[in-house]
Amino acid sequence: MFDLKRFNLARLISRSGTVGLMVAFGAVVYAVALVVVFPYERVGEFAEATASTLGYDVEIGETGPTFGVGVKLDEIRVRTRPRAGSKPVSFLIETARVTTSPLKNLTGGLAYDFEAEVFGGQLAVSVEADSKQGEGKVNVQGLDLAQLPGIKESFGIPLAGKVSADVALVLPKLKAAEADGTVQIQCAGCSAGDGKAKLRVDSNPLLAEGLTIPRLRLGDLEGRIVFEKGTGRIEGMHAKSPDAEIDVEGTVRLADPADLSQLDLYVTFKLSDKLVKSDDKFQLLLQLAEMQGKRPDGFYGFRIQGSPRHLRDPQWSKTSPFPPRSRTPKPNAG
């Protein structure tokens with residue numbers, strides 16, 4: 001007797017196998033086509049053009065396919081465009097990987113992930129956006145502060161340490177100046193000075209010729225910045241070591257392009273008695289700052305303002321320009 005149920009089941013299995021085979025064949029064709037005909041060079045050209053609109057000159061040596069829907073970029077040379085009174089900064093990213101979401105891109109949006117080994121650490125960026133709003137996440141692990149371009153030029157003395165950060169920002173209207181979110185920052189084993197470079201402050205006649213700063217251990221610096229409508233408030237940024245104790249407060253005002261963002265920081269520090277007695281240079285520095293910068297709590301304070309590319313000379317100040325704030329609990333590591 002003919003079994004209709006078994007016949008339907010056999011037909012279903014047959015059809016399922018056929019559909020599965022078609023899907024697999026389509027995937028293979030898509031992958032081969034992606035590798036053979038995808039214009040990877042155009043991706044490199046697009047990246048160079050986009051960087052140009054942000055104020056950077058970028059040259060990409062080679063582009064090619066990578067696992068998934070993505071592109072591998074090799075020999076990425078980046079050079080800043082100097083503004084008046086500043087010098088260009090150049091650096092090399094040996095290799096980077098960019099993957100994207102075709103479905104998001106086909107529906108009028110933008111979604112991509114960027115991964116690279118840079119400045120001795122790892123950088124991962126995830127971006128998803130449409131015409132009205134963008135959301136970005138950045139994870140940085142172990143970047144060598146001494147390798148970051150422009151650091152010594154901005155602060156006047158070399159800085160060292162391993163920097164890690166977690167960034168989560170929402171950009172209404174795709175504008176950094178409207179960003180909301182948080183930035184968590186850590187610097188392990190931070191230090192300032194190397195016993196060779198001179199700290200120069202043109203506005204101070206006694207420091208205009210420069211004062212050699214010995215290596216100052218700052219310890220592990222950590223804190224966070226909370227952004228609302230493009231303005232970030234620094235919270236709980238603190239470090240303590242056998243050499244010094246330091247606290248940073250202030251604001252970060254984001255701009256478009258990013259290099260026009262403005263920093264307004266108030267830094268207080270206290271050096272250990274042992275360190276001060278061990279080096280005449282620290283004693284001289286504190287003597288110069290005592291009248292204008294020494295606070296009743298024994299700390300010294302100074303204010304520093306400007307853009308990341310060009311910070312103005314620090315100004316000694318006994319009082320913070322920012323309203324009083326309660327102590328923020330120390331952020332968790334990781």
# chains A, B, ... in the order shown; residues from 1 in each chain; ligands from 1
>>> residues_around(residues="A:Val89", least_positions_apart="6", cutoff="8 Å", atoms="only C-alpha atoms", output="mmCIF file with N, CA, C and O atoms, in the first residue's frame")
data_model
loop_
_atom_site.group_PDB
_atom_site.id
_atom_site.type_symbol
_atom_site.label_atom_id
_atom_site.label_comp_id
_atom_site.auth_asym_id
_atom_site.auth_seq_id
_atom_site.Cartn_x
_atom_site.Cartn_y
_atom_site.Cartn_z
ATOM 1 N N ARG A 79 50.327 60.625 8.338
ATOM 2 C CA ARG A 79 51.051 61.877 8.597
ATOM 3 C C ARG A 79 50.042 62.977 8.882
ATOM 4 O O ARG A 79 49.088 63.168 8.132
ATOM 5 N N THR A 80 50.252 63.674 9.997
ATOM 6 C CA THR A 80 49.357 64.770 10.342
ATOM 7 C C THR A 80 49.682 65.993 9.497
ATOM 8 O O THR A 80 50.809 66.152 9.016
ATOM 9 N N ARG A 81 48.688 66.841 9.337
ATOM 10 C CA ARG A 81 48.888 68.097 8.630
ATOM 11 C C ARG A 81 49.135 69.198 9.656
ATOM 12 O O ARG A 81 48.253 69.511 10.448
ATOM 13 N N PRO A 82 50.323 69.742 9.676
ATOM 14 C CA PRO A 82 50.654 70.706 10.726
ATOM 15 C C PRO A 82 49.874 71.997 10.593
ATOM 16 O O PRO A 82 49.623 72.483 9.493
ATOM 17 N N PRO A 149 52.593 59.301 18.879
ATOM 18 C CA PRO A 149 53.113 60.503 18.224
ATOM 19 C C PRO A 149 52.597 61.780 18.881
ATOM 20 O O PRO A 149 51.434 61.895 19.232
ATOM 21 N N GLY A 150 53.487 62.731 19.058
ATOM 22 C CA GLY A 150 53.103 64.033 19.562
ATOM 23 C C GLY A 150 53.059 64.166 21.070
ATOM 24 O O GLY A 150 52.852 65.261 21.588
#
>>> residues_around(residues="A:Leu265", least_positions_apart="2", cutoff="9 Å", atoms="only C-alpha atoms", output="list in words")
Ile234, Val248, Glu249, Gly250, Thr251, Val252, Leu263, Val267, Phe302, Arg303, Ile304 and Gln305 of chain A
>>> write_last_selection(atoms="N, CA and C atoms", output="PDB file, in the first residue's frame")
ATOM      1  N   ILE A 234      36.160  64.883  33.728  1.00  0.00           N
ATOM      2  CA  ILE A 234      37.088  63.882  34.253  1.00  0.00           C
ATOM      3  C   ILE A 234      36.700  63.521  35.681  1.00  0.00           C
ATOM      4  N   VAL A 248      44.030  64.504  38.708  1.00  0.00           N
ATOM      5  CA  VAL A 248      43.695  65.294  37.529  1.00  0.00           C
ATOM      6  C   VAL A 248      42.188  65.489  37.477  1.00  0.00           C
ATOM      7  N   GLU A 249      41.764  66.738  37.283  1.00  0.00           N
ATOM      8  CA  GLU A 249      40.363  67.030  37.047  1.00  0.00           C
ATOM      9  C   GLU A 249      40.268  67.993  35.873  1.00  0.00           C
ATOM     10  N   GLY A 250      39.052  68.181  35.371  1.00  0.00           N
ATOM     11  CA  GLY A 250      38.902  69.095  34.258  1.00  0.00           C
ATOM     12  C   GLY A 250      37.888  68.624  33.244  1.00  0.00           C
ATOM     13  N   THR A 251      37.971  69.187  32.054  1.00  0.00           N
ATOM     14  CA  THR A 251      37.009  68.890  31.007  1.00  0.00           C
ATOM     15  C   THR A 251      37.708  68.630  29.678  1.00  0.00           C
ATOM     16  N   VAL A 252      37.033  67.878  28.830  1.00  0.00           N
ATOM     17  CA  VAL A 252      37.455  67.626  27.459  1.00  0.00           C
ATOM     18  C   VAL A 252      36.279  67.991  26.568  1.00  0.00           C
ATOM     19  N   LEU A 263      41.233  70.743  25.651  1.00  0.00           N
ATOM     20  CA  LEU A 263      41.453  70.220  26.999  1.00  0.00           C
ATOM     21  C   LEU A 263      41.573  71.386  27.968  1.00  0.00           C
ATOM     22  N   VAL A 267      45.792  70.039  37.428  1.00  0.00           N
ATOM     23  CA  VAL A 267      46.586  68.927  37.964  1.00  0.00           C
ATOM     24  C   VAL A 267      47.166  69.334  39.309  1.00  0.00           C
ATOM     25  N   PHE A 302      48.593  73.188  39.000  1.00  0.00           N
ATOM     26  CA  PHE A 302      48.745  73.980  37.780  1.00  0.00           C
ATOM     27  C   PHE A 302      47.624  73.637  36.808  1.00  0.00           C
ATOM     28  N   ARG A 303      47.339  74.602  35.951  1.00  0.00           N
ATOM     29  CA  ARG A 303      46.293  74.444  34.942  1.00  0.00           C
ATOM     30  C   ARG A 303      46.938  74.404  33.568  1.00  0.00           C
ATOM     31  N   ILE A 304      46.410  73.544  32.703  1.00  0.00           N
ATOM     32  CA  ILE A 304      46.934  73.430  31.349  1.00  0.00           C
ATOM     33  C   ILE A 304      45.766  73.353  30.379  1.00  0.00           C
ATOM     34  N   GLN A 305      45.845  74.124  29.287  1.00  0.00           N
ATOM     35  CA  GLN A 305      44.751  74.232  28.334  1.00  0.00           C
ATOM     36  C   GLN A 305      45.273  74.135  26.905  1.00  0.00           C
TER      37      GLN A 305
END
>>> atom_distance(atom1="atom CA of A:Ile151", atom2="atom CA of A:Ser164")
15.7 Å
>>> closest_residue(among="A:Ala111, A:Pro308, A:Asp220, A:Asp247", to="A:Asp259", atoms="only C-alpha atoms")
A:Pro308
>>> atom_distance(atom1="atom CA of A:Gln147", atom2="atom CA of A:Ile213")
19.3 Å
